[in-house]
Amino acid sequence: MEAASLSGSSLCYCNYRFSRLITRGRYIASASRNFSEGINDVDKPSSKPLIISSSDSSTQNHSFLSNGPIQKRYLNLQTNCAIGVCTFPGNVAESHYSHSAEEKLGVLLLNLGGPETLNDVQPFLFNLFADPDIIRLPRLLRFLQRPLAKLISVLRAPKSKEGYAAIGGGSPLRKITDEQADALRMALESKNVCANVYVGMRYWFPFTEEAIEQIKRDRITKLVVLPLYPQFSISTTGSSIRVLQSVFKEDAYLSRLPVSVILSWYQRQGYIRSMADLIEKELGKFAKPEEVMIFFSAHGVPVSYVEDAGDPYKDQMEECIYLIMQELKARGIGNDHTLAYQSRVGPVQWLKPYTDEVLVEIGQKGVKSLLAIPVSFVSEHIETLEEIDMEYKHLALESGIENWGRVPALGCNSLFITDLADAVVEALPSAKALSTKTDDAEETEFDPLSYVVKIFFGSILAFMLLLTPRVILAFRNGLF
């Protein structure tokens, strides 16, 4: 599982990943060039990037999130430091922006990361499951986060290694993200914008914290943070923002650094057109393109994260599919389509319908041609190369589907990269110091009685888990 998909917890940050603190990050420098051209506002207002920026309480910008759990728990927007999530008003996007010769612009691309070798799989999984945004433990049991992450990573590592072995022995995500960073830097240069582009991964090298250290060393004076997730989820973009807030609040330089965070960009016309271009091209490879079922497969999240934590991911995904299909209809393509969610794990209920179940159903209904579209991914990785291309393709053919196709991830698609560059340019004028305060309930006074209760019941639970035969066998095989 390479795409994080679970949910929110506190904004506290545990520095659990630096047992192997090695400078393996890649960072891109660029030649000096002044930016004096105006911003090309080619998108509709709804297509502007959503950003975290400083604003007065009287701002007229539209709020991205309602006053719900996400806004309070994750972004802490309007209660601290007058920080809010907003879109650009038209007069800002149409204005001219320039920076002085001494100003140094930076763009930080955020992504999940992935194991580069089979030996990296288990520690990568540990980093993933040790994130409180991935496994949400009750407050009583949060001290078990790391032991539980160790347990799960040991249990899941063998199957995950098989998946990575099937795609060449490691994830290509870092290489592709590096290529996207290079392409973005060049796209910005073509717009007379000089910017250093950095890559920060959440769960593997180069870690986000390493990229931030390089940003400090380069003395960047204005930063745009661009998560490579089209839709916002508290488990992906939200988790990475939590890391940024934690690191920034501990550093005097970073706490004053003007930052714009582009929270989501699935509505941007460049992204929508890029996806439609790929779909149209792949449809043309079928003997009867008009009969092909367009099958969008998105990474799932547990239902509780949407219903209880207020994650907007499901709504954004459905709107994204609507916009893509509208673009296709404008081109005369009216194929049937459906959306399903993949990569569920564990016993909890995830967003439905499930990809594997829908594939069986549509095969039984007589659909013979299907085009799979990994809509929540912009880079090839294990969930496209192994889960979709191997597992789901095999299941589809077994279920009666005869003609299978798959749209590639956007990667370095020129229209897509150009649109990301436009999003960066549009975000520059709104850069302000990032809010680092939280009002999470964990920042309360220490309660000795509560601590004793946690240790007592938590120890009992841990003891029961560790006595199961499967766990004993896994630890014996994995650790000795």
# chains A, B, ... in the order shown; residues from 1 in each chain; ligands from 1
$ select_by_dssp --residues "stretch 313-433 of chain A" --states "helix (DSSP H, G or I)" --output "PyMOL selection string"
chain A and resi 313-330+355-364+382-398+414-430
$ closest_atom_pairs --of "stretch 166-276 of chain A" --to "stretch 130-145 of chain A" --cutoff "9 Å" --atoms "only C-alpha atoms" --output "CSV"
residue,atom,partner,partner_atom,distance
A:Tyr203,CA,A:Asp131,CA,8.9
A:Ile234,CA,A:Asp133,CA,7.3
A:Ser235,CA,A:Asp133,CA,5.4
A:Thr236,CA,A:Asp133,CA,8.4
A:Gly238,CA,A:Asp133,CA,8.2
A:Ser239,CA,A:Asp133,CA,6.0
$ atom_distance --atom1 "atom CA of A:Arg185" --atom2 "atom CA of A:Ala421"
8.1 Å
$ atom_distance --atom1 "atom CA of A:Val154" --atom2 "atom CA of A:Leu118"
13.2 Å
$ closest_residue --among "A:Glu307, A:Tyr354, A:Glu290, A:Ala427" --to "A:Ser369" --atoms "only C-alpha atoms"
A:Glu290
$ closest_residue --among "A:Val407, A:Leu415, A:Ile294, A:Val193" --to "A:Arg268" --atoms "only C-alpha atoms"
A:Leu415
$ residues_around --residues "A:Val375" --least-positions-apart "4" --cutoff "8 Å" --atoms "only C-alpha atoms" --output "count of residues only"
3
$ residues_around --residues "stretch 162-169 of chain A" --least-positions-apart "6" --cutoff "9 Å" --atoms "only C-alpha atoms" --output "list in words"
Pro115, Glu116, Thr117, Leu118, Val121, His381, Ile382, Leu385, Glu386 and Glu387 of chain A
$ atom_distance --atom1 "atom CA of A:Pro353" --atom2 "atom CA of A:Gly170"
29.4 Å
$ residues_around --residues "stretch 317-324 of chain A" --least-positions-apart "3" --cutoff "9 Å" --atoms "only C-alpha atoms" --output "compact mmCIF listing (two decimals) with N, CA, C and O atoms, in the first residue's frame"
# COMPACT_ATOMS: atom_id res chain seq x y z
N PRO A 230 -4.26 15.49 -6.11
CA PRO A 230 -5.25 16.41 -6.68
C PRO A 230 -6.36 16.77 -5.70
O PRO A 230 -6.75 17.93 -5.58
N GLN A 231 -6.85 15.77 -4.96
CA GLN A 231 -7.92 15.99 -4.00
C GLN A 231 -7.34 16.05 -2.58
O GLN A 231 -6.37 15.36 -2.27
N TYR A 266 -7.83 19.70 -8.05
CA TYR A 266 -8.57 18.81 -8.95
C TYR A 266 -9.52 19.57 -9.86
O TYR A 266 -9.95 19.04 -10.89
N GLN A 267 -9.88 20.82 -9.52
CA GLN A 267 -10.81 21.60 -10.33
C GLN A 267 -10.13 22.38 -11.45
O GLN A 267 -10.81 22.93 -12.31
N ILE A 272 -7.97 18.93 -15.57
CA ILE A 272 -9.13 18.28 -16.18
C ILE A 272 -8.87 17.98 -17.66
O ILE A 272 -9.14 16.87 -18.15
N ARG A 273 -8.31 18.93 -18.37
CA ARG A 273 -8.03 18.72 -19.80
C ARG A 273 -6.96 17.65 -20.00
O ARG A 273 -7.03 16.86 -20.95
N MET A 275 -6.35 15.05 -18.07
CA MET A 275 -6.98 13.75 -17.86
C MET A 275 -7.86 13.37 -19.05
O MET A 275 -7.84 12.22 -19.51
N ALA A 276 -8.62 14.33 -19.55
CA ALA A 276 -9.49 14.05 -20.71
C ALA A 276 -8.66 13.67 -21.94
O ALA A 276 -9.06 12.79 -22.72
N PHE A 296 -13.31 4.73 -13.35
CA PHE A 296 -12.43 5.51 -12.48
C PHE A 296 -12.18 4.74 -11.19
O PHE A 296 -13.13 4.36 -10.50
N ALA A 298 -10.27 5.16 -7.61
CA ALA A 298 -9.60 6.10 -6.70
C ALA A 298 -9.18 5.37 -5.44
O ALA A 298 -9.78 4.36 -5.05
N PRO A 312 -13.10 15.96 3.21
CA PRO A 312 -13.82 16.32 1.98
C PRO A 312 -13.46 15.46 0.79
O PRO A 312 -13.91 15.73 -0.33
N TYR A 313 -12.65 14.45 0.98
CA TYR A 313 -12.09 13.68 -0.13
C TYR A 313 -13.17 13.10 -1.04
O TYR A 313 -13.09 13.20 -2.27
N LYS A 314 -14.19 12.49 -0.47
CA LYS A 314 -15.24 11.85 -1.28
C LYS A 314 -15.96 12.88 -2.14
O LYS A 314 -16.18 12.66 -3.35
N GLU A 327 -15.96 17.51 -19.57
CA GLU A 327 -14.98 17.84 -20.59
C GLU A 327 -15.04 16.82 -21.73
O GLU A 327 -14.95 17.19 -22.92
N LEU A 328 -15.18 15.55 -21.40
CA LEU A 328 -15.28 14.53 -22.44
C LEU A 328 -16.55 14.70 -23.26
O LEU A 328 -16.53 14.54 -24.49
N LYS A 329 -17.65 15.03 -22.61
CA LYS A 329 -18.91 15.23 -23.34
C LYS A 329 -18.80 16.40 -24.30
O LYS A 329 -19.37 16.38 -25.39
N THR A 338 -18.16 4.90 -14.32
CA THR A 338 -18.43 4.60 -12.92
C THR A 338 -17.19 4.93 -12.09
O THR A 338 -16.08 5.00 -12.63
N LEU A 339 -17.40 5.12 -10.80
CA LEU A 339 -16.31 5.40 -9.86
C LEU A 339 -16.33 4.34 -8.78
O LEU A 339 -17.39 4.01 -8.23
N VAL A 375 -7.57 7.73 -10.96
CA VAL A 375 -7.88 9.15 -10.94
C VAL A 375 -7.22 9.90 -9.78
O VAL A 375 -7.01 11.12 -9.85
N SER A 376 -6.88 9.24 -8.70
CA SER A 376 -6.31 9.96 -7.55
C SER A 376 -4.78 9.92 -7.55
O SER A 376 -4.16 10.37 -6.59
$ residues_around --residues "A:Gly405" --least-positions-apart "6" --cutoff "7 Å" --atoms "only C-alpha atoms" --output "count of residues only"
3
$ select_by_dssp --residues "stretch 82-255 of chain A" --states "strand (DSSP E or B)" --output "PyMOL selection string"
chain A and resi 83-86+96+105-111+195-201+207+222-227
$ write_last_selection --atoms "N, CA and C atoms" --output "tab-separated table (two decimals), in the first residue's frame"
chain	number	residue	atom	x	y	z
A	83	ILE	N	-5.18	32.92	10.36
A	83	ILE	CA	-4.91	32.08	9.19
A	83	ILE	C	-6.21	31.46	8.71
A	84	GLY	N	-6.40	31.44	7.41
A	84	GLY	CA	-7.61	30.85	6.85
A	84	GLY	C	-7.33	30.14	5.55
A	85	VAL	N	-8.24	29.28	5.14
A	85	VAL	CA	-8.13	28.63	3.84
A	85	VAL	C	-9.02	29.39	2.89
A	86	CYS	N	-8.50	29.77	1.76
A	86	CYS	CA	-9.28	30.62	0.87
A	86	CYS	C	-8.87	30.39	-0.56
A	96	HIS	N	-0.40	42.10	-11.19
A	96	HIS	CA	0.97	41.78	-11.55
A	96	HIS	C	1.77	41.59	-10.27
A	105	LEU	N	12.70	32.34	-4.36
A	105	LEU	CA	11.45	31.58	-4.32
A	105	LEU	C	11.74	30.10	-4.25
A	106	GLY	N	10.89	29.38	-3.52
A	106	GLY	CA	10.99	27.94	-3.42
A	106	GLY	C	9.63	27.29	-3.62
A	107	VAL	N	9.63	26.08	-4.19
A	107	VAL	CA	8.42	25.28	-4.33
A	107	VAL	C	8.71	23.92	-3.71
A	108	LEU	N	7.88	23.51	-2.78
A	108	LEU	CA	8.06	22.22	-2.11
A	108	LEU	C	6.98	21.26	-2.59
A	109	LEU	N	7.39	20.23	-3.33
A	109	LEU	CA	6.47	19.19	-3.77
A	109	LEU	C	6.37	18.12	-2.68
A	110	LEU	N	5.16	17.82	-2.28
A	110	LEU	CA	4.94	16.82	-1.23
A	110	LEU	C	4.36	15.55	-1.85
A	111	ASN	N	4.89	14.42	-1.44
A	111	ASN	CA	4.37	13.15	-1.92
A	111	ASN	C	4.52	12.12	-0.82
A	195	ALA	N	12.76	29.67	-9.47
A	195	ALA	CA	12.38	29.03	-8.22
A	195	ALA	C	13.18	27.74	-8.04
A	196	ASN	N	13.61	27.51	-6.83
A	196	ASN	CA	14.18	26.21	-6.47
A	196	ASN	C	13.02	25.27	-6.17
A	197	VAL	N	13.04	24.08	-6.74
A	197	VAL	CA	11.97	23.11	-6.52
A	197	VAL	C	12.52	21.96	-5.69
A	198	TYR	N	11.86	21.67	-4.60
A	198	TYR	CA	12.31	20.66	-3.63
A	198	TYR	C	11.29	19.52	-3.58
A	199	VAL	N	11.78	18.33	-3.27
A	199	VAL	CA	10.92	17.17	-3.11
A	199	VAL	C	10.97	16.71	-1.66
A	200	GLY	N	9.80	16.58	-1.04
A	200	GLY	CA	9.71	16.09	0.33
A	200	GLY	C	8.71	14.95	0.42
A	201	MET	N	9.16	13.79	0.84
A	201	MET	CA	8.30	12.62	0.98
A	201	MET	C	7.86	12.46	2.43
A	207	PHE	N	12.86	12.69	3.08
A	207	PHE	CA	11.78	13.09	3.97
A	207	PHE	C	11.49	14.58	3.85
A	222	LYS	N	10.44	33.00	0.12
A	222	LYS	CA	9.01	32.79	-0.11
A	222	LYS	C	8.82	31.39	-0.64
A	223	LEU	N	7.83	30.67	-0.08
A	223	LEU	CA	7.67	29.25	-0.38
A	223	LEU	C	6.23	28.94	-0.78
A	224	VAL	N	6.09	28.15	-1.84
A	224	VAL	CA	4.80	27.58	-2.22
A	224	VAL	C	4.86	26.08	-1.98
A	225	VAL	N	3.92	25.57	-1.21
A	225	VAL	CA	3.86	24.14	-0.92
A	225	VAL	C	2.80	23.52	-1.81
A	226	LEU	N	3.21	22.53	-2.60
A	226	LEU	CA	2.33	21.93	-3.60
A	226	LEU	C	2.27	20.41	-3.39
A	227	PRO	N	1.28	19.91	-2.66
A	227	PRO	CA	1.11	18.46	-2.53
A	227	PRO	C	0.71	17.86	-3.88
$ closest_residue --among "A:Tyr253, A:Val301, A:Leu128, A:Ala330" --to "A:Asp218" --atoms "only C-alpha atoms"
A:Tyr253
